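*Asks:* Quick one, input-v3.csv (CSV, C-alpha atoms):
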chain,number,residue,atom,x,y,z
A,1,MET,CA,-21.2,185.2,13.9
A,2,ARG,CA,-24.8,185.8,13.1
A,3,LYS,CA,-28.1,184.8,14.6
A,4,LEU,CA,-29.6,181.7,13.1
A,5,THR,CA,-32.4,182.4,10.7
A,6,HIS,CA,-36.0,181.3,11.3
A,7,GLU,CA,-35.5,178.5,8.7
A,8,GLU,CA,-32.3,177.3,10.4
A,9,LEU,CA,-34.1,177.3,13.8
A,10,LEU,CA,-37.0,175.4,12.3
A,11,ALA,CA,-34.6,172.7,10.9
A,12,ARG,CA,-33.3,172.1,14.4
A,13,ARG,CA,-36.7,171.8,16.1
A,14,LEU,CA,-38.8,168.8,16.5
A,15,THR,CA,-42.1,168.8,14.8
A,16,VAL,CA,-45.2,168.2,17.0
A,17,ALA,CA,-45.5,164.7,15.5
A,18,GLU,CA,-41.8,163.9,16.2
A,19,ALA,CA,-42.2,165.1,19.8
A,20,SER,CA,-44.7,162.3,20.6
A,21,THR,CA,-42.4,159.6,19.3
A,22,VAL,CA,-38.8,160.8,19.9
A,23,PRO,CA,-36.7,159.2,22.7
A,24,ARG,CA,-36.7,161.4,25.9
A,25,HIS,CA,-34.3,161.8,28.8
A,26,ALA,CA,-35.2,159.5,31.7
A,27,VAL,CA,-36.3,162.4,33.9
A,28,THR,CA,-39.7,163.0,35.3
A,29,VAL,CA,-40.8,166.1,37.2
A,30,VAL,CA,-43.4,165.9,40.0
A,31,LEU,CA,-45.0,169.3,41.0
A,32,GLN,CA,-46.4,169.4,44.5
A,33,ASP,CA,-49.0,172.1,45.0
A,34,ILE,CA,-47.5,174.7,42.7
A,35,ARG,CA,-49.7,177.7,43.0
A,36,SER,CA,-48.9,179.9,40.0
A,37,MET,CA,-50.2,178.9,36.6
A,38,TYR,CA,-47.3,181.0,35.1
A,39,ASN,CA,-44.8,178.9,36.9
A,40,VAL,CA,-46.5,175.7,35.7
A,41,GLY,CA,-46.4,177.0,32.1
A,42,SER,CA,-42.8,178.0,32.3
A,43,ILE,CA,-41.9,174.5,33.6
A,44,PHE,CA,-43.7,173.0,30.6
A,45,ARG,CA,-41.7,175.3,28.3
A,46,THR,CA,-38.4,174.2,30.0
A,47,ALA,CA,-39.5,170.5,30.0
A,48,ASP,CA,-40.0,170.7,26.2
A,49,ALA,CA,-36.5,172.2,25.6
A,50,MET,CA,-34.9,169.6,27.9
A,51,ARG,CA,-37.0,166.8,26.3
A,52,ILE,CA,-37.8,165.1,29.6
A,53,GLU,CA,-40.1,162.2,29.8
A,54,ARG,CA,-43.1,163.6,31.7
A,55,ILE,CA,-44.5,166.2,34.1
A,56,ILE,CA,-46.8,164.9,36.9
A,57,LEU,CA,-49.0,167.6,38.4
A,58,THR,CA,-50.2,166.8,41.9
A,59,GLY,CA,-52.4,168.3,44.6
A,60,TYR,CA,-53.8,171.7,43.8
A,61,THR,CA,-51.2,172.3,41.0
A,62,PRO,CA,-53.3,173.8,38.1
A,63,THR,CA,-53.5,171.7,35.0
A,64,PRO,CA,-53.8,172.5,31.3
A,65,PRO,CA,-55.7,173.7,29.4
A,66,ARG,CA,-55.6,177.2,31.0
A,67,PRO,CA,-54.9,180.4,29.2
A,68,GLU,CA,-52.5,181.4,31.9
A,69,ILE,CA,-50.5,178.2,31.6
A,70,LYS,CA,-50.5,178.6,27.8
A,71,LYS,CA,-49.2,182.1,28.1
A,72,THR,CA,-45.8,181.0,29.6
A,73,ALA,CA,-45.8,177.4,28.1
A,74,LEU,CA,-46.1,178.9,24.6
A,75,GLY,CA,-47.8,175.7,23.5
A,76,ALA,CA,-45.4,173.3,25.2
A,77,ASP,CA,-48.4,172.1,27.2
A,78,ASP,CA,-49.6,170.5,24.0
A,79,THR,CA,-46.4,168.5,23.3
A,80,VAL,CA,-44.8,167.6,26.7
A,81,PRO,CA,-46.3,164.3,28.1
A,82,TRP,CA,-48.1,165.1,31.4
A,83,SER,CA,-50.6,163.6,33.8
A,84,TYR,CA,-52.4,164.6,36.9
A,85,GLU,CA,-52.5,162.6,40.2
A,86,GLY,CA,-54.3,164.2,43.2
A,87,ASP,CA,-52.4,162.2,45.7
A,88,ILE,CA,-48.6,162.8,45.4
A,89,PHE,CA,-47.9,159.6,47.4
A,90,VAL,CA,-49.7,157.5,44.8
A,91,ALA,CA,-47.7,159.2,42.1
A,92,LEU,CA,-44.3,158.7,43.9
A,93,ALA,CA,-45.1,155.0,44.6
A,94,ALA,CA,-45.8,154.5,40.9
A,95,GLU,CA,-42.5,156.2,40.0
A,96,ARG,CA,-40.6,154.0,42.5
A,97,ALA,CA,-42.3,150.9,41.2
A,98,ARG,CA,-41.0,151.5,37.7
A,99,GLY,CA,-37.4,151.9,39.0
A,100,SER,CA,-37.0,155.6,39.3
A,101,ARG,CA,-35.0,157.3,42.0
A,102,ILE,CA,-37.1,159.9,43.8
A,103,VAL,CA,-35.1,163.1,44.5
A,104,ALA,CA,-36.5,166.3,46.1
A,105,LEU,CA,-35.2,169.7,45.2
A,106,GLU,CA,-35.0,171.1,48.7
A,107,LEU,CA,-32.6,172.4,51.3
A,108,THR,CA,-32.4,169.6,53.9
A,109,THR,CA,-30.0,168.4,56.5
A,110,THR,CA,-28.6,165.9,53.9
A,111,SER,CA,-29.1,167.6,50.5
A,112,LEU,CA,-26.3,167.2,48.0
A,113,PRO,CA,-25.2,169.8,45.5
A,114,ILE,CA,-27.4,169.8,42.4
A,115,SER,CA,-24.3,168.9,40.3
A,116,SER,CA,-24.5,165.5,41.8
A,117,LEU,CA,-27.4,164.8,39.5
A,118,SER,CA,-25.0,164.7,36.6
A,119,THR,CA,-22.0,163.2,38.3
A,120,VAL,CA,-23.4,160.3,40.4
A,121,SER,CA,-22.8,157.0,38.7
A,122,PRO,CA,-22.8,158.3,35.2
A,123,ALA,CA,-22.1,154.7,33.9
A,124,THR,CA,-25.4,153.4,34.9
A,125,PRO,CA,-27.6,156.4,35.7
A,126,SER,CA,-31.1,155.4,36.9
A,127,PRO,CA,-34.2,157.2,35.8
A,128,ILE,CA,-34.8,160.1,38.1
A,129,THR,CA,-38.0,161.6,39.4
A,130,LEU,CA,-37.5,165.2,40.6
A,131,VAL,CA,-39.9,166.6,43.1
A,132,LEU,CA,-40.5,170.4,43.2
A,133,GLY,CA,-42.5,171.9,45.9
A,134,ASN,CA,-44.8,174.8,46.5
A,135,GLU,CA,-43.5,178.4,45.9
A,136,ILE,CA,-43.6,179.3,49.6
A,137,SER,CA,-43.4,176.0,51.6
A,138,GLY,CA,-41.3,173.9,49.3
A,139,VAL,CA,-41.5,170.1,49.4
A,140,SER,CA,-43.5,169.0,52.5
A,141,ASP,CA,-41.9,167.0,55.2
A,142,ASP,CA,-44.1,164.0,54.7
A,143,VAL,CA,-43.1,163.9,51.0
A,144,LEU,CA,-39.4,164.3,51.9
A,145,ALA,CA,-39.8,161.2,54.1
A,146,VAL,CA,-40.5,159.0,51.1
A,147,CYS,CA,-37.8,160.5,48.9
A,148,ASP,CA,-34.5,158.7,48.3
A,149,ALA,CA,-32.4,161.9,48.4
A,150,SER,CA,-32.5,165.6,48.1
A,151,VAL,CA,-30.4,168.1,46.1
A,152,GLU,CA,-29.9,171.8,46.5
A,153,ILE,CA,-28.8,174.6,44.2
A,154,PRO,CA,-26.1,176.5,46.1
A,155,MET,CA,-27.5,179.7,47.5
A,156,GLU,CA,-24.8,182.3,48.1
A,157,GLY,CA,-26.9,185.4,48.7
A,158,VAL,CA,-29.2,187.2,51.1
A,159,LYS,CA,-32.2,185.1,50.0
A,160,HIS,CA,-32.4,181.4,50.4
A,161,SER,CA,-34.5,180.4,47.4
A,162,LEU,CA,-35.0,180.9,43.7
A,163,ASN,CA,-38.2,181.2,41.7
A,164,VAL,CA,-39.4,177.6,41.3
A,165,ALA,CA,-39.4,177.8,37.5
A,166,VAL,CA,-35.8,179.1,37.5
A,167,ALA,CA,-34.8,176.4,39.9
A,168,ALA,CA,-36.6,173.8,37.7
A,169,GLY,CA,-34.5,175.0,34.8
A,170,ILE,CA,-31.2,174.5,36.5
A,171,ALA,CA,-32.2,171.2,38.0
A,172,LEU,CA,-33.5,169.7,34.7
A,173,TYR,CA,-30.5,171.0,32.9
A,174,GLU,CA,-28.3,169.1,35.3
A,175,ALA,CA,-30.5,166.0,35.4
A,176,ILE,CA,-30.6,165.4,31.7
A,177,GLN,CA,-26.8,165.5,31.3
A,178,CYS,CA,-26.2,161.8,31.8
A,179,ARG,CA,-29.7,160.3,31.1
B,1,MET,CA,-33.5,163.9,56.2
B,2,ARG,CA,-35.5,167.0,57.2
B,3,LYS,CA,-35.9,170.5,55.9
B,4,LEU,CA,-33.6,173.1,57.3
B,5,THR,CA,-35.3,175.3,59.9
B,6,HIS,CA,-35.7,179.0,59.4
B,7,GLU,CA,-32.8,179.5,61.9
B,8,GLU,CA,-30.6,177.1,60.0
B,9,LEU,CA,-31.4,178.9,56.7
B,10,LEU,CA,-30.7,182.3,58.3
B,11,ALA,CA,-27.3,181.1,59.5
B,12,ARG,CA,-26.3,180.3,55.9
B,13,ARG,CA,-27.5,183.5,54.4
B,14,LEU,CA,-25.6,186.7,53.9
B,15,THR,CA,-26.8,189.7,55.9
B,16,VAL,CA,-27.7,192.8,53.8
B,17,ALA,CA,-24.5,194.4,55.2
B,18,GLU,CA,-22.3,191.4,54.2
B,19,ALA,CA,-23.8,191.4,50.7
B,20,SER,CA,-22.2,194.8,50.0
B,21,THR,CA,-18.7,193.8,51.0
B,22,VAL,CA,-18.4,190.0,50.3
B,23,PRO,CA,-16.3,188.8,47.3
B,24,ARG,CA,-18.5,188.1,44.3
B,25,HIS,CA,-18.1,185.8,41.3
B,26,ALA,CA,-16.5,187.6,38.3
B,27,VAL,CA,-19.7,187.5,36.3
B,28,THR,CA,-21.7,190.5,35.0
B,29,VAL,CA,-25.0,190.3,33.3
B,30,VAL,CA,-26.1,192.9,30.7
B,31,LEU,CA,-29.8,193.0,29.9
B,32,GLN,CA,-30.6,194.4,26.4
B,33,ASP,CA,-34.2,195.7,26.1
B,34,ILE,CA,-35.8,193.3,28.5
B,35,ARG,CA,-39.5,194.1,28.4
B,36,SER,CA,-41.0,192.4,31.4
B,37,MET,CA,-40.5,193.8,34.9
B,38,TYR,CA,-41.2,190.3,36.3
B,39,ASN,CA,-38.3,188.9,34.3
B,40,VAL,CA,-36.0,191.7,35.5
B,41,GLY,CA,-37.0,191.0,39.1
B,42,SER,CA,-36.5,187.3,38.7
B,43,ILE,CA,-33.0,187.8,37.3
B,44,PHE,CA,-32.2,190.0,40.3
B,45,ARG,CA,-33.3,187.2,42.6
B,46,THR,CA,-31.1,184.7,40.7
B,47,ALA,CA,-28.2,187.1,40.6
B,48,ASP,CA,-28.4,187.4,44.4
B,49,ALA,CA,-28.4,183.6,44.9
B,50,MET,CA,-25.4,183.2,42.4
B,51,ARG,CA,-23.6,186.1,44.0
B,52,ILE,CA,-22.6,187.7,40.7
B,53,GLU,CA,-20.8,191.0,40.5
B,54,ARG,CA,-23.4,193.3,38.8
B,55,ILE,CA,-26.4,193.6,36.6
B,56,ILE,CA,-26.2,196.3,33.9
B,57,LEU,CA,-29.7,197.3,32.6
B,58,THR,CA,-29.6,198.9,29.2
B,59,GLY,CA,-32.0,200.4,26.6
B,60,TYR,CA,-35.6,200.2,27.6
B,61,THR,CA,-35.1,197.6,30.3
B,62,PRO,CA,-37.0,198.8,33.3
B,63,THR,CA,-35.0,199.7,36.4
B,64,PRO,CA,-35.7,199.5,40.2
B,65,PRO,CA,-37.5,200.7,42.2
B,66,ARG,CA,-40.7,199.3,40.7
B,67,PRO,CA,-43.3,197.3,42.6
B,68,GLU,CA,-43.4,194.8,39.7
B,69,ILE,CA,-39.7,194.2,39.9
B,70,LYS,CA,-39.8,193.9,43.6
B,71,LYS,CA,-42.5,191.3,43.4
B,72,THR,CA,-40.3,188.8,41.7
B,73,ALA,CA,-36.9,190.1,43.0
B,74,LEU,CA,-38.2,189.6,46.6
B,75,GLY,CA,-35.9,192.4,47.7
B,76,ALA,CA,-32.8,191.3,45.8
B,77,ASP,CA,-33.0,194.6,43.9
B,78,ASP,CA,-31.8,196.2,47.1
B,79,THR,CA,-28.7,194.0,47.5
B,80,VAL,CA,-27.4,193.1,44.1
B,81,PRO,CA,-25.1,195.8,42.6
B,82,TRP,CA,-26.7,197.2,39.4
B,83,SER,CA,-26.4,200.2,37.1
B,84,TYR,CA,-28.2,201.6,34.2
B,85,GLU,CA,-26.7,202.6,30.8
B,86,GLY,CA,-29.0,203.6,28.0
B,87,ASP,CA,-26.5,202.8,25.3
B,88,ILE,CA,-25.5,199.1,25.5
B,89,PHE,CA,-22.4,199.7,23.3
B,90,VAL,CA,-21.1,202.1,25.9
B,91,ALA,CA,-21.7,199.5,28.6
B,92,LEU,CA,-20.0,196.7,26.6
B,93,ALA,CA,-17.0,198.9,25.8
B,94,ALA,CA,-16.5,199.7,29.5
B,95,GLU,CA,-16.7,196.0,30.3
B,96,ARG,CA,-14.2,195.1,27.6
B,97,ALA,CA,-11.9,197.9,28.9
B,98,ARG,CA,-11.8,196.3,32.3
B,99,GLY,CA,-10.7,193.0,30.8
B,100,SER,CA,-14.0,191.1,30.7
B,101,ARG,CA,-14.9,188.7,27.9
B,102,ILE,CA,-18.2,189.6,26.3
B,103,VAL,CA,-20.4,186.5,25.6
B,104,ALA,CA,-23.9,186.6,24.2
B,105,LEU,CA,-26.5,184.0,25.2
B,106,GLU,CA,-27.9,183.4,21.7
B,107,LEU,CA,-28.3,180.8,19.0
B,108,THR,CA,-25.8,181.8,16.4
B,109,THR,CA,-23.8,180.2,13.6
B,110,THR,CA,-20.9,179.7,16.0
B,111,SER,CA,-22.5,179.4,19.5
B,112,LEU,CA,-20.8,177.0,21.9
B,113,PRO,CA,-22.7,174.9,24.4
B,114,ILE,CA,-23.4,176.8,27.6
B,115,SER,CA,-21.3,174.2,29.4
B,116,SER,CA,-18.2,175.8,27.8
B,117,LEU,CA,-18.7,178.7,30.3
B,118,SER,CA,-17.5,176.4,33.1
B,119,THR,CA,-15.0,174.3,31.1
B,120,VAL,CA,-13.0,176.8,29.0
B,121,SER,CA,-9.6,177.5,30.5
B,122,PRO,CA,-10.6,176.8,34.1
B,123,ALA,CA,-7.0,177.5,35.2
B,124,THR,CA,-7.2,181.2,34.3
B,125,PRO,CA,-10.8,182.1,33.8
B,126,SER,CA,-11.4,185.6,32.7
B,127,PRO,CA,-14.2,187.7,34.1
B,128,ILE,CA,-17.2,187.3,31.9
B,129,THR,CA,-19.9,189.6,30.8
B,130,LEU,CA,-23.0,187.8,29.7
B,131,VAL,CA,-25.4,189.5,27.4
B,132,LEU,CA,-29.1,188.5,27.5
B,133,GLY,CA,-31.5,189.9,24.9
B,134,ASN,CA,-35.1,190.9,24.5
B,135,GLU,CA,-37.8,188.2,25.2
B,136,ILE,CA,-38.9,188.1,21.5
B,137,SER,CA,-35.9,189.2,19.4
B,138,GLY,CA,-33.0,188.1,21.5
B,139,VAL,CA,-29.6,189.8,21.4
B,140,SER,CA,-29.6,192.1,18.3
B,141,ASP,CA,-27.2,191.6,15.4
B,142,ASP,CA,-25.3,194.8,15.9
B,143,VAL,CA,-24.6,193.8,19.5
B,144,LEU,CA,-23.6,190.3,18.5
B,145,ALA,CA,-21.0,192.0,16.2
B,146,VAL,CA,-19.2,193.3,19.2
B,147,CYS,CA,-19.3,190.2,21.3
B,148,ASP,CA,-16.3,187.9,21.7
B,149,ALA,CA,-18.4,184.7,21.6
B,150,SER,CA,-21.9,183.3,22.0
B,151,VAL,CA,-23.2,180.4,23.9
B,152,GLU,CA,-26.4,178.4,23.7
B,153,ILE,CA,-28.5,176.2,26.0
B,154,PRO,CA,-29.2,173.0,24.1
B,155,MET,CA,-32.8,173.1,22.8
B,156,GLU,CA,-34.1,169.6,22.1
B,157,GLY,CA,-37.8,170.3,21.8
B,158,VAL,CA,-40.5,171.8,19.6
B,159,LYS,CA,-39.8,175.3,20.7
B,160,HIS,CA,-36.4,177.0,20.3
B,161,SER,CA,-36.1,179.2,23.3
B,162,LEU,CA,-36.6,179.4,27.1
B,163,ASN,CA,-38.1,182.1,29.2
B,164,VAL,CA,-35.3,184.6,29.6
B,165,ALA,CA,-35.2,184.4,33.4
B,166,VAL,CA,-35.0,180.6,33.2
B,167,ALA,CA,-32.2,180.9,30.6
B,168,ALA,CA,-30.4,183.4,32.9
B,169,GLY,CA,-30.6,180.9,35.7
B,170,ILE,CA,-28.9,178.2,33.8
B,171,ALA,CA,-26.3,180.5,32.3
B,172,LEU,CA,-25.4,182.1,35.6
B,173,TYR,CA,-25.2,178.7,37.3
B,174,GLU,CA,-22.7,177.6,34.7
B,175,ALA,CA,-20.8,180.9,34.6
B,176,ILE,CA,-20.0,181.0,38.3
B,177,GLN,CA,-18.6,177.5,38.5
B,178,CYS,CA,-15.0,178.5,37.8
B,179,ARG,CA,-15.0,182.2,38.6
Kindly transcribe the structure held in the file into structure tokens.
*Replies:*
Amino acid sequence: MRKLTHEELLARRLTVAEASTVPRHAVTVVLQDIRSMYNVGSIFRTADAMRIERIILTGYTPTPPRPEIKKTALGADDTVPWSYEGDIFVALAAERARGSRIVALELTTTSLPISSLSTVSPATPSPITLVLGNEISGVSDDVLAVCDASVEIPMEGVKHSLNVAVAAGIALYEAIQCR
Amino acid sequence: MRKLTHEELLARRLTVAEASTVPRHAVTVVLQDIRSMYNVGSIFRTADAMRIERIILTGYTPTPPRPEIKKTALGADDTVPWSYEGDIFVALAAERARGSRIVALELTTTSLPISSLSTVSPATPSPITLVLGNEISGVSDDVLAVCDASVEIPMEGVKHSLNVAVAAGIALYEAIQCR
């Protein structure tokens, strides 16, 4: 085997023009009060690779354009559809109104394994809106109260959480499998 | 649903003492010339959560203890088994000698989807050694030449790579499923 050349990689990639018209996986991410611009940028980069529909930034989550976001987004902040809504409840109500299932990534009393995102009713998968919470406090209890379900990434170690951008990567990877 | 309390989370977690004796998934990560201490720390944090066997740091990859590694590892650099080997070829030869399959995470002419890590021969999965390359240049060609296989995370966007710590998260999540 050999590494793909730059030309071979380019041939696989979407152009910027294509990115705005291509069909996208029916997955939206809602960020609740993410603090770090580097995390926001990294989630943009992952959202581009996974070709999800949209990122909705809420609360005090920083928004593009910011050099610190660009540093880790590597330009994906220019091509991934995104919007800002100060009130996360307004954003979630709009998502529900368009038929999306609201799922929090959070360790709760009823959270399902993250793998359920790709295995639950694969025949007729509904669009999904995945809520990711603040780096320290996670998804808040009042937001959990309006979610349809919660999912968790199995935590088998001494710590009980992952970096939010890493967790987003795993969650989006699972979520796009059947959508 | 409600969030798990601190006490409920503690009850699920390994203690530091348990972490040194508990069985671990038969997955080792080899880091080739990772530049960023924050990426190294984040990979330690993920390796703790996924309870993998070991991280082998090679080349100019920075090693603990370093405050910048600790910042993103959140202490996982104290509990995840790790070692340093300057020459990655020595490290890979030792991994092969103990029966591990050497798999690069890289876009190559023959790379398989990352999902093959959890679906290939689940009845008798061999231990796996996953090689992650430098942030810019990836796994080098001379290292690829001694790998048994390569796997790739599907890239459907304008960019052709993920942050290495995010990619490590997805790869480890897949790799531990059947080991």
*Asks:* Show me, as an MDAnalysis selection string, the residues of chain A whose atoms get within 6 Å of chain B, using all atoms listed in the file for the distance check.
*Replies:* chainID A and resid 1:4 13:15 48:51 107:110 155:158 166 169:170
*Asks:* Please produce a file of those selected residues containing C-alpha atoms, as a CSV table (one decimal), in the coordinates of the input.
*Replies:*
chain,number,residue,atom,x,y,z
A,1,MET,CA,-21.2,185.2,13.9
A,2,ARG,CA,-24.8,185.8,13.1
A,3,LYS,CA,-28.1,184.8,14.6
A,4,LEU,CA,-29.6,181.7,13.1
A,13,ARG,CA,-36.7,171.8,16.1
A,14,LEU,CA,-38.8,168.8,16.5
A,15,THR,CA,-42.1,168.8,14.8
A,48,ASP,CA,-40.0,170.7,26.2
A,49,ALA,CA,-36.5,172.2,25.6
A,50,MET,CA,-34.9,169.6,27.9
A,51,ARG,CA,-37.0,166.8,26.3
A,107,LEU,CA,-32.6,172.4,51.3
A,108,THR,CA,-32.4,169.6,53.9
A,109,THR,CA,-30.0,168.4,56.5
A,110,THR,CA,-28.6,165.9,53.9
A,155,MET,CA,-27.5,179.7,47.5
A,156,GLU,CA,-24.8,182.3,48.1
A,157,GLY,CA,-26.9,185.4,48.7
A,158,VAL,CA,-29.2,187.2,51.1
A,166,VAL,CA,-35.8,179.1,37.5
A,169,GLY,CA,-34.5,175.0,34.8
A,170,ILE,CA,-31.2,174.5,36.5
*Asks:* What's around stretch 60-64 of chain A at 8 Å? Count only C-alpha atoms, leave out sequence neighbours fewer than 6 positions away in its own chain, and write the answer as an MDAnalysis selection string.
*Replies:* chainID A and resid 31:37 40 70 77 84 86
*Asks:* In Å, with one decimal, what is the gap from atom CA of A:Ser115 to atom CA of B:Ser20?
*Replies:*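 One can read the atom CA of A:Ser115 to atom CA of B:Ser20 distance as 27.7 Å.
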*Asks:* Report the distance between atom CA of B:Ser116 and atom CA of B:Ala94 in Å, rounded to one decimal place.
*Replies:*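 Between atom CA of B:Ser116 and atom CA of B:Ala94 the gap works out to 24.0 Å.
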*Asks:* Using atom CA of A:Pro23 and atom CA of A:Leu92 as the two end points, give the distance in Å to one decimal.
*Replies:*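 So the answer is 22.5 Å.
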*Asks:* Excluding same-chain residues fewer than 2 positions from A:Val131, what lies within 8 Å of it counting only C-alpha atoms, as a list in words?
*Replies:*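 So the residues in contact are Val29, Val30, Leu31, Gln32, Ile102, Val103, Ala104, Leu105, Thr129, Gly133 and Val139 of chain A.
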